[in-house]
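Student: There's a structure below that I have some questions on.
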Amino acid sequence: MIGWLSGTVKALDPAGFVLLDTGGVGYDVIVSLQTLCKLRPGEATELSIHTYVREDQITLFGFSNISERGIFRKLTTVSGIGARMALNLMSGMSCEDLIRAIEQADDLAIARTPGIGKKTAQRLILELQGKLGSAPATAGVTNNKAEEVHSALINLGYKAAQVDAALKRIEPADFETMFRAALKVIA
C-alpha cells in the first residue's frame, strides 16, 4: 500500500485531481478542495496517501498531513459514508470546522455538504462524537505544524537533534512563523 508520496505537482484539475511526479513516475491523486487550494503547479509537495483498492480499480486519496488522512479514515467507518462522500465532507469545510460540527452536534452545518442529508449528518454525529479529539483547533493543529516544520528542516539538511532543540524553544503558530523562528534558533 502507498502511504506517502513526495514529488512535484505537474498538473491540477479543479475536479480535485493532482498529477504528482515522483522521480519520473506520475501518480493521479484525488484530493479535497481544501488540499487542492494549497498546491501549486511546479512546486514540490508531500501528501499522506490513503490507498483504496477494489477489484476493478486502485484509487489514491491524498491529504496535506497525517491528521487529515486519519479523519478521512474515521469518516469512512460510518455507515453510508464512502470514500468520495468523506472527501466531499472534507472539501466543504476545514477539518477543524468538521470536527467542531461533529462535537457540537451541528447537523445543519454538516448537511450543507452536497449529498449529505440531515439523517446522514445525524448518523455521522452519533457514531463519531467524542472519537475525533476534543480540541481540534489547538493541540492537533499545533502538533501537525511542528511536524511539518520538523520535516521541512530535516529536508533542508539540518540534524534531527538541532531541529528538536529549536522546536522546543519556539512558540506554536502557523507553519511559516514557526519555520522562520526555528531557523533563527538554529542559526
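The chains in the C-alpha cells are called A, B, ... from first to last as shown; in each chain the residues are counted from 1, and the ligands are counted from 1 in the order shown.
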Please build the interface table for segment 57-161 of chain A against segment 35-46 of chain A with a cut-off of 12 Å, listing for each qualifying residue the nearest atom pair and the distance in Å to one decimal; count only C-alpha atoms, order rows by chain and increasing number, and write it as CSV.
Tutor:
```
residue,atom,partner,partner_atom,distance
A:Phe61,CA,A:Thr35,CA,10.8
A:Gly62,CA,A:Thr35,CA,8.2
A:Phe63,CA,A:Thr35,CA,6.4
A:Ser64,CA,A:Thr35,CA,6.0
A:Asn65,CA,A:Glu46,CA,8.3
A:Ile66,CA,A:Glu46,CA,10.6
A:Glu68,CA,A:Thr35,CA,9.6
A:Arg69,CA,A:Thr35,CA,11.3
A:Leu87,CA,A:Thr35,CA,10.5
A:Asn88,CA,A:Thr35,CA,11.9
A:Met90,CA,A:Thr35,CA,9.2
A:Ser91,CA,A:Thr35,CA,8.1
A:Gly92,CA,A:Thr35,CA,11.3
A:Met93,CA,A:Thr35,CA,11.1
A:Ser94,CA,A:Thr35,CA,9.6
A:Cys95,CA,A:Thr35,CA,10.7
A:Glu148,CA,A:Glu46,CA,10.0
A:Ser151,CA,A:Glu46,CA,10.1
A:Ala152,CA,A:Glu46,CA,10.3
A:Asn155,CA,A:Glu46,CA,11.5
```
Student: Keeping only all heavy atoms, take the residues you just selected and write them out as a short mmCIF file (atom, residue, chain, number, x, y, z; two decimals), in the first residue's frame.
Tutor:
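Ended up saving to again.cif:
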```
data_model
loop_
_atom_site.label_atom_id
_atom_site.label_comp_id
_atom_site.auth_asym_id
_atom_site.auth_seq_id
_atom_site.Cartn_x
_atom_site.Cartn_y
_atom_site.Cartn_z
N PHE A 61 -6.08 8.58 -2.53
CA PHE A 61 -6.63 9.79 -1.95
C PHE A 61 -5.50 10.48 -1.20
O PHE A 61 -4.83 9.84 -0.38
CB PHE A 61 -7.79 9.47 -1.00
CG PHE A 61 -9.02 8.95 -1.70
CD1 PHE A 61 -9.21 7.59 -1.86
CD2 PHE A 61 -9.97 9.82 -2.22
CE1 PHE A 61 -10.34 7.10 -2.51
CE2 PHE A 61 -11.09 9.34 -2.88
CZ PHE A 61 -11.27 7.98 -3.03
N GLY A 62 -5.28 11.77 -1.48
CA GLY A 62 -4.17 12.49 -0.87
C GLY A 62 -4.61 13.54 0.12
O GLY A 62 -5.66 14.17 -0.04
N PHE A 63 -3.78 13.73 1.15
CA PHE A 63 -4.09 14.68 2.23
C PHE A 63 -2.82 15.45 2.58
O PHE A 63 -1.72 14.92 2.48
CB PHE A 63 -4.62 13.93 3.45
CG PHE A 63 -5.80 13.06 3.11
CD1 PHE A 63 -5.61 11.74 2.78
CD2 PHE A 63 -7.07 13.60 3.04
CE1 PHE A 63 -6.68 10.94 2.41
CE2 PHE A 63 -8.15 12.80 2.67
CZ PHE A 63 -7.95 11.48 2.35
N SER A 64 -2.99 16.69 3.02
CA SER A 64 -1.83 17.53 3.30
C SER A 64 -1.07 17.10 4.54
O SER A 64 0.07 17.47 4.72
CB SER A 64 -2.24 19.01 3.39
OG SER A 64 -3.19 19.20 4.41
N ASN A 65 -1.69 16.29 5.41
CA ASN A 65 -0.98 15.76 6.57
C ASN A 65 -1.64 14.48 7.07
O ASN A 65 -2.72 14.11 6.61
CB ASN A 65 -0.87 16.81 7.69
CG ASN A 65 -2.22 17.31 8.14
OD1 ASN A 65 -3.11 16.53 8.44
ND2 ASN A 65 -2.39 18.63 8.18
N ILE A 66 -0.99 13.84 8.00
CA ILE A 66 -1.46 12.55 8.52
C ILE A 66 -2.77 12.69 9.28
O ILE A 66 -3.63 11.81 9.23
CB ILE A 66 -0.37 11.90 9.40
CG1 ILE A 66 0.82 11.51 8.53
CG2 ILE A 66 -0.90 10.69 10.14
CD1 ILE A 66 2.03 11.04 9.29
N GLU A 68 -5.29 14.73 8.68
CA GLU A 68 -6.40 14.77 7.73
C GLU A 68 -6.72 13.37 7.22
O GLU A 68 -7.89 13.01 7.08
CB GLU A 68 -6.06 15.68 6.54
CG GLU A 68 -6.19 17.14 6.83
CD GLU A 68 -5.99 18.00 5.59
OE1 GLU A 68 -5.93 17.47 4.46
OE2 GLU A 68 -5.89 19.22 5.77
N ARG A 69 -5.68 12.60 6.95
CA ARG A 69 -5.91 11.22 6.49
C ARG A 69 -6.62 10.42 7.58
O ARG A 69 -7.52 9.62 7.29
CB ARG A 69 -4.58 10.56 6.12
CG ARG A 69 -4.76 9.15 5.58
CD ARG A 69 -3.47 8.52 5.17
NE ARG A 69 -2.68 8.22 6.36
CZ ARG A 69 -1.46 7.72 6.34
NH1 ARG A 69 -0.86 7.47 5.18
NH2 ARG A 69 -0.82 7.46 7.45
N LEU A 87 -14.56 12.58 1.29
CA LEU A 87 -13.78 13.63 0.65
C LEU A 87 -14.65 14.87 0.40
O LEU A 87 -14.17 15.99 0.55
CB LEU A 87 -13.18 13.12 -0.65
CG LEU A 87 -11.92 13.84 -1.11
CD1 LEU A 87 -10.81 13.70 -0.08
CD2 LEU A 87 -11.45 13.30 -2.44
N ASN A 88 -15.92 14.67 0.05
CA ASN A 88 -16.84 15.80 -0.11
C ASN A 88 -17.00 16.56 1.20
O ASN A 88 -17.02 17.79 1.22
CB ASN A 88 -18.22 15.34 -0.59
CG ASN A 88 -18.25 15.03 -2.06
OD1 ASN A 88 -17.32 15.33 -2.80
ND2 ASN A 88 -19.33 14.41 -2.49
N MET A 90 -14.83 16.75 3.60
CA MET A 90 -13.57 17.44 3.88
C MET A 90 -13.33 18.59 2.90
O MET A 90 -12.54 19.48 3.18
CB MET A 90 -12.42 16.45 3.86
CG MET A 90 -12.53 15.41 4.97
SD MET A 90 -11.25 14.17 4.93
CE MET A 90 -9.86 15.12 5.53
N SER A 91 -14.01 18.56 1.76
CA SER A 91 -13.90 19.66 0.80
C SER A 91 -14.80 20.83 1.19
O SER A 91 -14.47 21.98 0.95
CB SER A 91 -14.30 19.19 -0.61
OG SER A 91 -13.35 18.30 -1.12
N GLY A 92 -15.93 20.50 1.79
CA GLY A 92 -16.91 21.52 2.13
C GLY A 92 -16.54 22.39 3.30
O GLY A 92 -17.01 23.53 3.42
N MET A 93 -15.71 21.89 4.19
CA MET A 93 -15.28 22.66 5.36
C MET A 93 -13.92 22.16 5.82
O MET A 93 -13.54 21.04 5.49
CB MET A 93 -16.31 22.58 6.48
CG MET A 93 -16.59 21.19 7.01
SD MET A 93 -17.82 21.12 8.33
CE MET A 93 -19.34 21.36 7.46
N SER A 94 -13.21 22.99 6.55
CA SER A 94 -11.91 22.57 7.05
C SER A 94 -12.09 21.43 8.04
O SER A 94 -13.18 21.24 8.60
CB SER A 94 -11.20 23.75 7.73
OG SER A 94 -11.85 24.08 8.94
N CYS A 95 -11.02 20.69 8.29
CA CYS A 95 -11.10 19.58 9.24
C CYS A 95 -11.49 20.07 10.63
O CYS A 95 -12.27 19.43 11.32
CB CYS A 95 -9.77 18.83 9.30
SG CYS A 95 -9.48 17.84 7.82
N GLU A 148 5.35 19.37 10.50
CA GLU A 148 5.65 19.89 9.17
C GLU A 148 6.94 20.69 9.17
O GLU A 148 7.77 20.56 8.26
CB GLU A 148 4.49 20.75 8.65
CG GLU A 148 3.25 19.94 8.33
CD GLU A 148 2.03 20.79 8.00
OE1 GLU A 148 2.20 22.00 7.74
OE2 GLU A 148 0.92 20.25 8.00
N SER A 151 9.87 18.27 9.52
CA SER A 151 10.14 17.61 8.24
C SER A 151 10.84 18.55 7.26
O SER A 151 11.80 18.16 6.59
CB SER A 151 8.83 17.10 7.64
OG SER A 151 9.05 16.55 6.37
N ALA A 152 10.38 19.78 7.19
CA ALA A 152 10.97 20.75 6.26
C ALA A 152 12.44 21.02 6.60
O ALA A 152 13.29 21.08 5.71
CB ALA A 152 10.17 22.04 6.27
N ASN A 155 14.59 18.08 5.71
CA ASN A 155 14.78 18.05 4.25
C ASN A 155 15.80 19.08 3.79
O ASN A 155 16.43 18.90 2.74
CB ASN A 155 13.45 18.27 3.53
CG ASN A 155 12.53 17.08 3.66
OD1 ASN A 155 12.97 15.97 3.93
ND2 ASN A 155 11.25 17.31 3.47
#
```
Student: Excluding segment 107-118 of chain A and any residue of its chain fewer than 3 positions from it, enumerate the residues within 10 Å of it, using only C-alpha atoms, and give them as a VMD selection string.
Tutor: chain A and resid 80 to 81 85 to 86 88 to 93 97 to 102 104 121 to 125
Student: Name the closest residue to Ser67 of chain A among the candidates A:Ser48, A:Ser6, A:Met178, A:Lys131; distances are taken between atoms, counting only C-alpha atoms.
Tutor: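 Residue with the minimum atom-to-atom distance to Ser67 of chain A: A:Ser48.
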Student: For atom CA of Val163 of chain A and atom CA of Ala187 of chain A, quote the distance in Å rounded to one decimal.
Tutor: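 Atom-to-atom, atom CA of Val163 of chain A and atom CA of Ala187 of chain A are spaced 10.9 Å apart.
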Student: Tell me which protein, DNA and RNA residues are within 12 Å of Asp164 of chain A, counting only C-alpha atoms, leaving out same-chain ones fewer than 2 positions away, and put them as a PyMOL selection string.
Tutor: chain A and resi 146-147+149-151+153-154+158-162+166-170+182-183+185-186
Student: From the set A:Gly70, A:Gly26, A:Gly82, A:Gly130, which residue has the shortest atom-to-atom contact distance to Tyr52 of chain A, counting only C-alpha atoms?
Tutor: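 So, comparing all the options, the nearest one is A:Gly82.
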Student: Run DSSP on the backbone and tell me which residues of segment 5-170 of chain A come out as helix (DSSP H, G or I); list them as a ChimeraX atom specification.
Tutor: /A:33-36,66-75,83-92,95-103,107-111,118-128,136-155,160-169
Student: Going by DSSP on the backbone, which bits of segment 19-51 of chain A are strand (DSSP E or B)? Write them as a list in words, please.
Tutor: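 The residues of segment 19-51 of chain A classed as strand (DSSP E or B) are Leu19, Leu20, Asp21, Gly26, Tyr27, Asp28, Val29, Ile30, Val31, Ala44, Thr45, Glu46, Leu47, Ser48, Ile49, His50 and Thr51 of chain A.
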Student: I'd like the interatomic distance between atom CA of Leu20 of chain A and atom CA of His50 of chain A, to a tenth of an Å.
Tutor: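 These two atoms are separated by 14.8 Å.
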Student: Using only C-alpha atoms, which of the listed residues (A:Pro14, A:Glu127, A:Asp56, A:Thr120) sits closest to Gln34 of chain A?
Tutor: A:Pro14
Student: Rounded to one decimal in Å, what is the spacing between atom CA of Lys145 of chain A and atom CA of Val78 of chain A?
Tutor: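 Atom-to-atom, atom CA of Lys145 of chain A and atom CA of Val78 of chain A are spaced 28.0 Å apart.
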Student: Contacts of Asp21 of chain A at 7 Å or less, counting only C-alpha atoms, minus same-chain residues fewer than 6 places along, as a PDB file with N, CA and C atoms, in the first residue's frame?
Tutor:
```
ATOM      1  N   GLY A   7       6.859  14.686  -4.217  1.00  0.00           N
ATOM      2  CA  GLY A   7       7.241  14.985  -5.586  1.00  0.00           C
ATOM      3  C   GLY A   7       6.835  16.370  -6.013  1.00  0.00           C
ATOM      4  N   THR A   8       6.788  16.568  -7.317  1.00  0.00           N
ATOM      5  CA  THR A   8       6.457  17.860  -7.897  1.00  0.00           C
ATOM      6  C   THR A   8       5.056  17.805  -8.498  1.00  0.00           C
ATOM      7  N   VAL A   9       4.277  18.837  -8.231  1.00  0.00           N
ATOM      8  CA  VAL A   9       2.933  18.927  -8.785  1.00  0.00           C
ATOM      9  C   VAL A   9       3.058  19.243 -10.275  1.00  0.00           C
ATOM     10  N   LYS A  10       2.649  18.314 -11.129  1.00  0.00           N
ATOM     11  CA  LYS A  10       2.705  18.516 -12.580  1.00  0.00           C
ATOM     12  C   LYS A  10       1.447  19.209 -13.084  1.00  0.00           C
ATOM     13  N   TYR A  27       1.691  10.032 -10.491  1.00  0.00           N
ATOM     14  CA  TYR A  27       0.557   9.453  -9.779  1.00  0.00           C
ATOM     15  C   TYR A  27      -0.616  10.411  -9.860  1.00  0.00           C
TER      16      TYR A  27
END
```
